[in-house]
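Inspection log for the structure reproduced underneath, given as structure tokens.
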Amino acid sequence: MSVQEDKRVAVVDAGTLKEVASIKTPGPTDAILYVPKRHMIYVTHDNGAHVWVIDPAKASVVATIVIPGAPEFMVYDEAADRIYLNIKSKDVVAVIDPSTNKVIAQWPTAPATLPHGLAFDAGTHQLFSSGGSGKLVAIDTKTGAVTGSIDIAQKVDQIAFDAAGARLYCAGADKMSVISTAGGKLKTLGDTNTAATAKKRRGRPGYARGVDDVYRWQEFLCKILDSGKAVTQGLLRPKAGSPDR
């Protein structure tokens, strides 16, 4: 778990939820990712130009990857053994090879600018990147080319992909856009109101970013479930037999 303000990664026991160790980093942290094939942890330098590679067995940083700009979210493609990382200051996705810990490609995200949220559909080899500009793009990971784009809420920070329902949930400023990806096509299903904190993660002193995410999403889910709007509109639960299933 990355702890931005303290410039470290906290090791938490999954059974007790208690911190059992701490790994120092050269600077403030942000996104964090575990690559099981390499047994390594990758953590981004918040608003910096580095990704630090941590060996959990040694509890230390063992490599530094130079990236082309300020990073945001990242995901791992197990089949290709590649890490995809949004670079918000350059409007690209940086492709990292974990075997060499180097950037091997940069894929433009236009028309999505200031890319923040990132999700991956392993079944269709599609990468989805959301821009703060109110655009979402689909990228073919075999070619690096943008294959589609669609309007979403402004200032989206995080997105989540539901493979079973072929849906993307894009949390923006006070509303969430729900997008269908069925058949390899992007289609707007609608927007639902959310808590204001769903727009962007806000660090709290003494809390790790992962913990903050839990509070943010709890607040958001409580609001939409209380209203019942998202459920009655069918945005969160695809109906049986619908073309999006």
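As shown in the structure tokens, the chain order sets the letters A, B, ...; within each chain, residues go from 1, and ligands are also counted from 1 in the order they appear.
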
Taking a cut-off of 8 Å and counting only C-alpha atoms, can you build a table that, for each residue of segment 69-109 of chain A near segment 143-163 of chain A, reports the nearest atom pair and how far apart they are in Å (one decimal), sorted by chain then residue number, as a tab-separated table?
residue	atom	partner	partner_atom	distance
A:Trp107	CA	A:Gly144	CA	5.6
A:Pro108	CA	A:Val146	CA	7.9
A:Thr109	CA	A:Val146	CA	7.1

Quiz item: Taking the backbone alone, and naming residues the way the document does, which bits of segment 31-181 of chain A are strand (DSSP E) by DSSP, as JSON, numbers by chain?
Solution: {"A": [31, 32, 33, 34, 35, 40, 41, 42, 43, 44, 45, 50, 51, 52, 53, 54, 55, 60, 61, 62, 63, 64, 65, 66, 71, 72, 73, 74, 75, 76, 77, 82, 83, 84, 85, 86, 87, 92, 93, 94, 95, 96, 97, 102, 103, 104, 105, 106, 107, 108, 115, 116, 117, 118, 119, 120, 121, 126, 127, 128, 129, 130, 131, 135, 136, 137, 138, 139, 140, 146, 147, 148, 149, 150, 151, 158, 159, 160, 161, 162, 167, 168, 169, 170, 171, 175, 176, 177, 178, 179, 180]}

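Near Gly69 of chain A, within 12 Å and counting only C-alpha atoms, sit Thr44, His45, Asp46, Asn47, Gly48, Ala49, His50, Val51, Ile65, Val66, Glu72, Leu85, Asn86, Ile87, Lys88, Ser89, Lys90, Asp91, Val92, Val93, Ala94, Val103, Gln106, Leu114 and Pro115 of chain A; same-chain residues fewer than 3 positions away were not included.
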
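Atom pair atom CA of Val75 of chain A / atom CA of Ser22 of chain A: separated by 23.2 Å.
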
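Note that the spacing between atom CA of Lys58 of chain A and atom CA of Lys7 of chain A amounts to 17.6 Å.
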
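The space separating atom CA of Lys37 of chain A from atom CA of Asn101 of chain A comes to 13.4 Å.
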
Quiz prompt | All alpha helix (DSSP H) residues (DSSP, backbone) inside segment 35-219 of chain A, as a PyMOL selection string | solution = chain A and resi 209-219
